[in-house]
Amino acid sequence: MSDHHLPSSELDQEIDAHGVYYRDLNARIRQAVERRPCQRLVLRHVCGQRYIGTGLRSRVRIEIHGTPGNDLGAFMDGPTIVVHGNAQDGSGNTMNSGEIIVHGRAGDITGYAMRGGRIFVRDGVGYRAGIHMKEYGERRPVLVIGGTAQPFLGEYMAGGVVLLLGLNLQASEPHRTVHVGTGMHGGVIYVRGAIEDWQLGREVGRAELEEEDWVLVAQLVHDFAGHFGGDPEAILSAPFVKLFPLYLRPYGNLYAY
Amino acid sequence: MRGTSTRNNPYGDGKVIDACSIFGVMDVTGRPFSGDRAIAAIACMHERGNGLGGGFAVYGCYPDFPDWYALHVMYMEYDVREHVEGYIGGHFQLHLAEPIPTRHVRTISDPPQLWRYFVSTTDHPLAGEEPDDYVVQQVMRINTRFRNAFVFSSGKNMGVFKGVGYPEELAEFYCLDEYRGYIWTAHGRFPTNTPGWWGGAHPFSILDWTVVHNGEISSYGTNRRYLESFGYHCTMETDTEVVAYAVDLLVRRHRLPIEAAASVLSAPLWSHIDRDSSPRSTLLRALRQVYPSLLLNGPFTVIIAHAGEMIGLTDRIRLRPLTAARRGPLVYLSSEESAIRLVDPDLDEVWTPLGGEPIMTRVLAPGEGLPGPQAAVRPLGGGTR
Amino acid sequence: MKSYLASRFVVLRDQERCIQCRVCVRQCGYDVHACDQEAGDVYSSDDRCVGCHRCVVFCPTQALSVRENPLSYRANANWRPEAIEDVLRQAETGGVLLTGMGNDKPYRIYWDHLVLNASQVTNPSIDPLREPMELTTFLGAKPEAVTLDPETGALGTQMPPQVPVDVPILFSAMSFGSISLPAQESLARAAAEAGTLFNTGEGGLHRSLYPFAGNAIVQVASGRFGVDPEYLQAGRMVEIKIGQGAKPGIGGHLPGEKVSAEVAATRMIPIGTDALSPAPHHDIYSIEDLRQLIYALKEATQYSKPVGVKIAAVHNVAAIASGIVRAGADYIAIDGLRGSTGAAPKVMRDHVGIPIELALAAVDTRLRQEGIRHCVSLIAAGGIRNSADVLKAIALGADAVYIATAALVALGCRVCQMCYAGKCSWGIATQNPYLTRRINPAIGARRLANLLRGWSHEIQEMLGGMGINALESLRGNRLHLRAVGLSDSEMRVLGVRPAGE
């Protein structure tokens, strides 16, 4: 179902963000969420306002029309943010839980140090997406990228799941990203399409997907298609590779004790 | 008071440290347009600056005098103008001298005196075969010889307008609504020290080369000492200045194509050069071996412009942001996408270049069609970076 | 590979006093002492001894002593024993030399070349035991001026959040992971008792310490370990860690063997994985990015608490600090060349950065020249050893100081510089439960609170001697300092005059 056609209800609110300073906008968002139960908050004419949803602890659904500014959903705990447009740098920075769904592309360090929740990006992402994602117990962050990624995807990755689908690549066109998973010591990266060894960090191993990997990937692809359309089976029919950290302690023998 | 220092580096720090927002827009058909877009866009990134510097470069703004060098000069002291004007009169053919039009803006206090001089070197007995070299030499001489006077723009049919304040305030101050150009670049500055000096704002320029810059270049000491051995005087003690001089050296004096210059400033990693088996790798290797002292190390994004061309370039591991976009004949470069969207919501395409991969746009030759998607990207280093 | 290194210490056991009770065997975290199973004799392996005195202090019959190995090398002003031993160690391992605690090289200690003033005749000194003496310090940004509501005459200015401390001495960042939980709990309890703050370091806040969160500075470092909305909400102040004096420009690395179940839960990472803190925050590559993170944290905490920035003292520290103020920080902590660490490459610790005294003076001077010193609080760190150092720092321009080494020494630390080994016999820099148990947080807190109490009395005495009864009157008051034995250029940077002038 398209996000645009949800029936409006008593629990919907709307803010016109045109020309509103980010601090005022975020104060109004917080107010809207805290003052009365709000299930859905629509922001129109967003243009560069930073920190939307930052530090917000709520189950609200925020729909953004326009281009939100940096640090979208930083430290966020619970909300679902849907961006009808592109997101800039730092989306989901140190995010705790919730979802960010970007109907477009996202910038650098998307999902930096994210420790829970999920981010879906329909198109590509910038440098260092998924850097330092980490997991603990039940909390396992997920970053799904429909397009391709720029270098240093999953740098320092310490946990969680990155799924790179490469849907915007031409047939047989390889991913251009390099230094993938450099410093990776936890988590897993699934890549659909061609990626060569020299594009990977030296701490990264590659393997065929196993049964449990396929289950996870298939689930995420179905969710991706649910957000953005597309045929999950067609997406899944291409080759995938699994990238994993070779060592839990990549720098164990770097030092003289 | 906002502080109108007469020097760029009043505390004698190793170099001036600053950061910022940058924006550029160009019409590849060469058709001039107003500065509305550039001004609104840079104002949209207000949060990235701190009001201690802003500026614009406008190309095609003096269509009535396309063949004369336009010297923009700021005087921080009243008396010095007479001496500098005497010098200019003695070293150039002076065609027109006038104050740069400004209007009162409440937040901009204590501006310097701002004058412009349209000059030429033709037939001048002191100018040699290379008028550009002569102009560079004279600009360097004025800037080092006269205290409290500073030439901040010296190209033909272009001008730099900059100072201490937020960029949108400076646009108002300089009456930029009255100018039209086919390239506009803009800068909002975040210096770490207050006594922002008017000359220390961006763009930095020499001849018609201008640079707006975001980031800090850690190799500044190396770059500066290298350029000084080629006769450049880094009077500003800022890393942006070395970018302008490096481009002047590589492109104008050493006649390298801009793609090659980009591969010097943002050199590909040795491991990438080594993996490339094409003849191009031989060139890349030689460029790195010959110009190691011009590698710009550390985080930077620059928008470099000169007559007919606008170039965006980031450092090789892309530590500073740059978003590019296109709609019809208009090409945009910006620190943030939202600034572009504000002034042009319906873009044909938006993309982010890889680190070290220059985005080059130039005015089309007569009869040449509009470029296709991302045609602006012509990385010399190949598609591996 | 056979090691060519001789042992650093010699353990002396007085066999006449030794009663073979094996206390030393149990106390040593480095397995120096062992018991011969057959003969029942206790003997020592000198080469493992780090000189921490744990066995010496706990030996019931004072049978033990530890000496530096009197081994002589041929005298050489260039190839001193340390240089030779470092080369040997690297030849045997191929590794980066690790060390702990602060720089131990003989760089000039400026505190020892600064002397304080006292009143004689022309103005009276004050008796701090009977007269009022105020040490309370408010940390946080201050507005340019106070405005009154024209109608009511009441305060019109919206004050930014202010955090009071009863003594101008805070416990510097030491994470749970780099130190043990009982050690951190001792700091937390002492901070609460003394009316000051402790700093979580980059390790998150353990569940059991949430009752002390009102006295916690919660740190946000590049790895974002333990950082979630609850943590940010809980702390009294939030600190963005950019760098530390012991290792400016590089990140941190908590080895997997120290990531116990409790450390893992607090940092929110799996047990046993390395906790890597990148050198930079990957959302901060420039000054305007710092502003972005400062305001992200202010948004996340709804502008309810100060957000500060900690940096290492480096060459351009004055310009950097100026930029940090403009980026919106409410306080700046500056950590000097002698600042400590749980683990750092020796080459970084010993060769990178500048002394805190010079950095502090330069920053305070620059911020005043820029007219923004009043906007921000300054905390000086790295090498504060006693109350005189505290007061000299305040006279140079600090609002407060951070102490870490002094606090650990109060808990037993002998500055043996082996923190990275995780075997600390004093139960401080270890996660081994057998060792950490030996710190009782109640007793640890008492030792620390005693230290602060003692220093606080001394500070009051010295202030009274200068005829000052409120600490703020000494802040940046460099006229109460004089230099002894410093060069003109050093005095110029410090902004102090030579003694006698």
# chains A, B, ... in the order shown; residues from 1 in each chain; ligands from 1

call {"tool": "residues_around", "arguments": {"residues": "His222 in chain A", "least_positions_apart": "2", "cutoff": "12 Å", "atoms": "only C-alpha atoms", "output": "ChimeraX atom specification"}}
result
/A:120,144,214-220,224-236

call {"tool": "interface_residues", "arguments": {"of": "chain A", "to": "chain B", "cutoff": "7 Å", "atoms": "only C-alpha atoms", "output": "ChimeraX atom specification"}}
result
/A:47-48,67,69,88,150,176

call {"tool": "write_last_selection", "arguments": {"atoms": "N, CA and C atoms", "output": "mmCIF file, in the first residue's frame"}}
result
data_model
loop_
_atom_site.group_PDB
_atom_site.id
_atom_site.type_symbol
_atom_site.label_atom_id
_atom_site.label_comp_id
_atom_site.auth_asym_id
_atom_site.auth_seq_id
_atom_site.Cartn_x
_atom_site.Cartn_y
_atom_site.Cartn_z
ATOM 1 N N CYS A 47 13.108 21.221 4.103
ATOM 2 C CA CYS A 47 14.261 21.514 3.247
ATOM 3 C C CYS A 47 15.493 21.777 4.103
ATOM 4 N N GLY A 48 16.216 20.727 4.415
ATOM 5 C CA GLY A 48 17.499 20.875 5.094
ATOM 6 C C GLY A 48 17.430 20.960 6.608
ATOM 7 N N THR A 67 13.447 17.353 1.534
ATOM 8 C CA THR A 67 14.796 16.852 1.792
ATOM 9 C C THR A 67 15.173 17.167 3.238
ATOM 10 N N GLY A 69 17.396 17.412 6.635
ATOM 11 C CA GLY A 69 18.817 17.725 6.816
ATOM 12 C C GLY A 69 19.576 16.594 7.495
ATOM 13 N N GLN A 88 20.049 13.243 3.635
ATOM 14 C CA GLN A 88 21.443 13.717 3.581
ATOM 15 C C GLN A 88 22.330 12.845 4.464
ATOM 16 N N GLN A 150 28.931 3.819 -1.782
ATOM 17 C CA GLN A 150 30.257 4.381 -1.999
ATOM 18 C C GLN A 150 31.235 3.710 -1.017
ATOM 19 N N ARG A 176 30.967 -0.317 -7.359
ATOM 20 C CA ARG A 176 32.199 0.483 -7.424
ATOM 21 C C ARG A 176 32.803 0.713 -6.043
#

call {"tool": "residues_around", "arguments": {"residues": "Leu176 in chain B", "least_positions_apart": "4", "cutoff": "8 Å", "atoms": "only C-alpha atoms", "output": "count of residues only"}}
result
3

call {"tool": "interface_residues", "arguments": {"of": "chain C", "to": "chain B", "cutoff": "6 Å", "atoms": "only C-alpha atoms", "output": "PyMOL selection string"}}
result
chain C and resi 288+319+322-323

call {"tool": "write_last_selection", "arguments": {"atoms": "C-alpha atoms", "output": "CSV table (one decimal), in the first residue's frame"}}
result
chain,number,residue,atom,x,y,z
C,288,GLU,CA,30.9,22.7,11.5
C,319,ALA,CA,42.4,28.3,17.7
C,322,SER,CA,37.9,29.1,20.0
C,323,GLY,CA,36.2,27.1,17.3

call {"tool": "select_by_dssp", "arguments": {"residues": "range 240-315 of chain B", "states": "helix (DSSP H, G or I)", "output": "PyMOL selection string"}}
result
chain B and resi 240-253+258-265+270-275+279-290+292-294

call {"tool": "write_last_selection", "arguments": {"atoms": "N, CA and C atoms", "output": "short mmCIF file (atom, residue, chain, number, x, y, z; two decimals), in the first residue's frame"}}
result
data_model
loop_
_atom_site.label_atom_id
_atom_site.label_comp_id
_atom_site.auth_asym_id
_atom_site.auth_seq_id
_atom_site.Cartn_x
_atom_site.Cartn_y
_atom_site.Cartn_z
N THR B 240 43.17 27.44 1.79
CA THR B 240 42.42 27.66 0.55
C THR B 240 43.27 28.36 -0.49
N GLU B 241 44.09 29.28 0.00
CA GLU B 241 44.96 30.02 -0.90
C GLU B 241 45.89 29.07 -1.66
N VAL B 242 46.38 28.04 -0.98
CA VAL B 242 47.31 27.15 -1.68
C VAL B 242 46.59 26.38 -2.78
N VAL B 243 45.29 26.14 -2.62
CA VAL B 243 44.55 25.45 -3.69
C VAL B 243 44.54 26.32 -4.94
N ALA B 244 44.25 27.61 -4.74
CA ALA B 244 44.19 28.52 -5.88
C ALA B 244 45.54 28.58 -6.60
N TYR B 245 46.62 28.69 -5.83
CA TYR B 245 47.93 28.79 -6.44
C TYR B 245 48.35 27.47 -7.08
N ALA B 246 47.98 26.36 -6.44
CA ALA B 246 48.34 25.05 -7.00
C ALA B 246 47.67 24.86 -8.35
N VAL B 247 46.41 25.25 -8.45
CA VAL B 247 45.72 25.11 -9.73
C VAL B 247 46.33 26.04 -10.77
N ASP B 248 46.67 27.24 -10.35
CA ASP B 248 47.31 28.19 -11.28
C ASP B 248 48.61 27.60 -11.81
N LEU B 249 49.40 27.02 -10.89
CA LEU B 249 50.68 26.44 -11.31
C LEU B 249 50.47 25.27 -12.27
N LEU B 250 49.57 24.37 -11.90
CA LEU B 250 49.42 23.14 -12.69
C LEU B 250 48.74 23.40 -14.03
N VAL B 251 47.70 24.19 -14.01
CA VAL B 251 46.90 24.32 -15.23
C VAL B 251 47.40 25.45 -16.11
N ARG B 252 47.68 26.61 -15.53
CA ARG B 252 48.06 27.72 -16.37
C ARG B 252 49.54 27.65 -16.73
N ARG B 253 50.39 27.43 -15.71
CA ARG B 253 51.82 27.49 -16.01
C ARG B 253 52.36 26.17 -16.54
N ILE B 258 42.79 19.89 -16.62
CA ILE B 258 42.25 19.98 -15.27
C ILE B 258 42.07 18.59 -14.65
N GLU B 259 41.80 17.60 -15.49
CA GLU B 259 41.67 16.23 -14.96
C GLU B 259 42.99 15.79 -14.31
N ALA B 260 44.08 16.13 -14.99
CA ALA B 260 45.39 15.74 -14.44
C ALA B 260 45.68 16.52 -13.16
N ALA B 261 45.32 17.80 -13.17
CA ALA B 261 45.53 18.60 -11.96
C ALA B 261 44.74 18.01 -10.79
N ALA B 262 43.51 17.56 -11.08
CA ALA B 262 42.70 16.95 -10.02
C ALA B 262 43.39 15.69 -9.49
N SER B 263 44.05 14.95 -10.36
CA SER B 263 44.73 13.73 -9.93
C SER B 263 46.02 14.02 -9.18
N VAL B 264 46.49 15.25 -9.25
CA VAL B 264 47.62 15.65 -8.41
C VAL B 264 47.10 16.04 -7.03
N LEU B 265 46.08 16.89 -7.01
CA LEU B 265 45.58 17.41 -5.74
C LEU B 265 44.93 16.31 -4.91
N TRP B 270 48.20 4.55 -4.18
CA TRP B 270 49.16 3.74 -4.96
C TRP B 270 48.57 2.38 -5.30
N SER B 271 47.83 1.81 -4.38
CA SER B 271 47.29 0.47 -4.65
C SER B 271 46.33 0.51 -5.83
N HIS B 272 45.64 1.62 -6.02
CA HIS B 272 44.73 1.71 -7.15
C HIS B 272 45.49 1.96 -8.45
N ILE B 273 46.54 2.75 -8.35
CA ILE B 273 47.36 2.97 -9.55
C ILE B 273 48.00 1.65 -9.97
N ASP B 274 48.49 0.91 -8.99
CA ASP B 274 49.19 -0.34 -9.30
C ASP B 274 48.27 -1.37 -9.95
N ARG B 275 46.99 -1.33 -9.59
CA ARG B 275 46.08 -2.32 -10.15
C ARG B 275 45.65 -1.99 -11.57
N PRO B 279 47.60 2.54 -19.94
CA PRO B 279 48.65 3.58 -20.04
C PRO B 279 48.39 4.74 -19.08
N ARG B 280 47.13 4.92 -18.72
CA ARG B 280 46.78 5.98 -17.81
C ARG B 280 47.53 5.86 -16.49
N SER B 281 47.77 4.62 -16.07
CA SER B 281 48.43 4.43 -14.78
C SER B 281 49.85 4.99 -14.82
N THR B 282 50.50 4.93 -16.00
CA THR B 282 51.83 5.49 -16.12
C THR B 282 51.80 6.99 -15.87
N LEU B 283 50.77 7.64 -16.43
CA LEU B 283 50.61 9.08 -16.22
C LEU B 283 50.33 9.37 -14.74
N LEU B 284 49.41 8.60 -14.16
CA LEU B 284 49.06 8.84 -12.75
C LEU B 284 50.27 8.66 -11.85
N ARG B 285 51.07 7.64 -12.16
CA ARG B 285 52.25 7.38 -11.35
C ARG B 285 53.21 8.57 -11.45
N ALA B 286 53.42 9.04 -12.68
CA ALA B 286 54.35 10.16 -12.88
C ALA B 286 53.83 11.42 -12.18
N LEU B 287 52.53 11.66 -12.26
CA LEU B 287 51.99 12.85 -11.60
C LEU B 287 52.25 12.80 -10.11
N ARG B 288 52.05 11.62 -9.51
CA ARG B 288 52.29 11.51 -8.06
C ARG B 288 53.76 11.66 -7.73
N GLN B 289 54.61 11.13 -8.63
CA GLN B 289 56.05 11.19 -8.35
C GLN B 289 56.58 12.61 -8.51
N VAL B 290 56.04 13.36 -9.49
CA VAL B 290 56.56 14.69 -9.76
C VAL B 290 55.97 15.74 -8.81
N PRO B 292 54.43 15.30 -5.58
CA PRO B 292 53.98 14.80 -4.27
C PRO B 292 53.65 15.94 -3.30
N SER B 293 54.32 17.07 -3.48
CA SER B 293 54.12 18.18 -2.54
C SER B 293 52.84 18.95 -2.81
N LEU B 294 52.12 18.58 -3.86
CA LEU B 294 50.83 19.24 -4.10
C LEU B 294 49.66 18.33 -3.80
#

call {"tool": "closest_atom_pairs", "arguments": {"of": "chain A", "to": "chain C", "cutoff": "6 Å", "atoms": "only C-alpha atoms", "output": "Markdown table"}}
result
| residue | atom | partner | partner_atom | distance |
| --- | --- | --- | --- | --- |
| A:Thr54 | CA | C:Ala300 | CA | 5.7 |
| A:Gly55 | CA | C:Ala300 | CA | 4.0 |
| A:Glu135 | CA | C:Ile269 | CA | 5.7 |
| A:Tyr136 | CA | C:Ile269 | CA | 4.8 |
| A:Leu248 | CA | C:Thr273 | CA | 5.7 |
| A:Arg249 | CA | C:Asp274 | CA | 5.6 |
| A:Leu254 | CA | C:Gly95 | CA | 5.2 |
| A:Tyr255 | CA | C:Gly95 | CA | 4.3 |
| A:Ala256 | CA | C:Gly95 | CA | 4.4 |

call {"tool": "residues_around", "arguments": {"residues": "Met348 in chain C", "least_positions_apart": "4", "cutoff": "8 Å", "atoms": "only C-alpha atoms", "output": "ChimeraX atom specification"}}
result
/C:246-248,344,352

call {"tool": "write_last_selection", "arguments": {"atoms": "C-alpha atoms", "output": "CSV table (one decimal), in the first residue's frame"}}
result
chain,number,residue,atom,x,y,z
C,246,ALA,CA,47.9,10.5,26.4
C,247,LYS,CA,47.2,9.7,22.8
C,248,PRO,CA,46.1,12.7,20.8
C,344,ALA,CA,48.3,3.8,24.4
C,352,VAL,CA,52.5,13.9,21.0
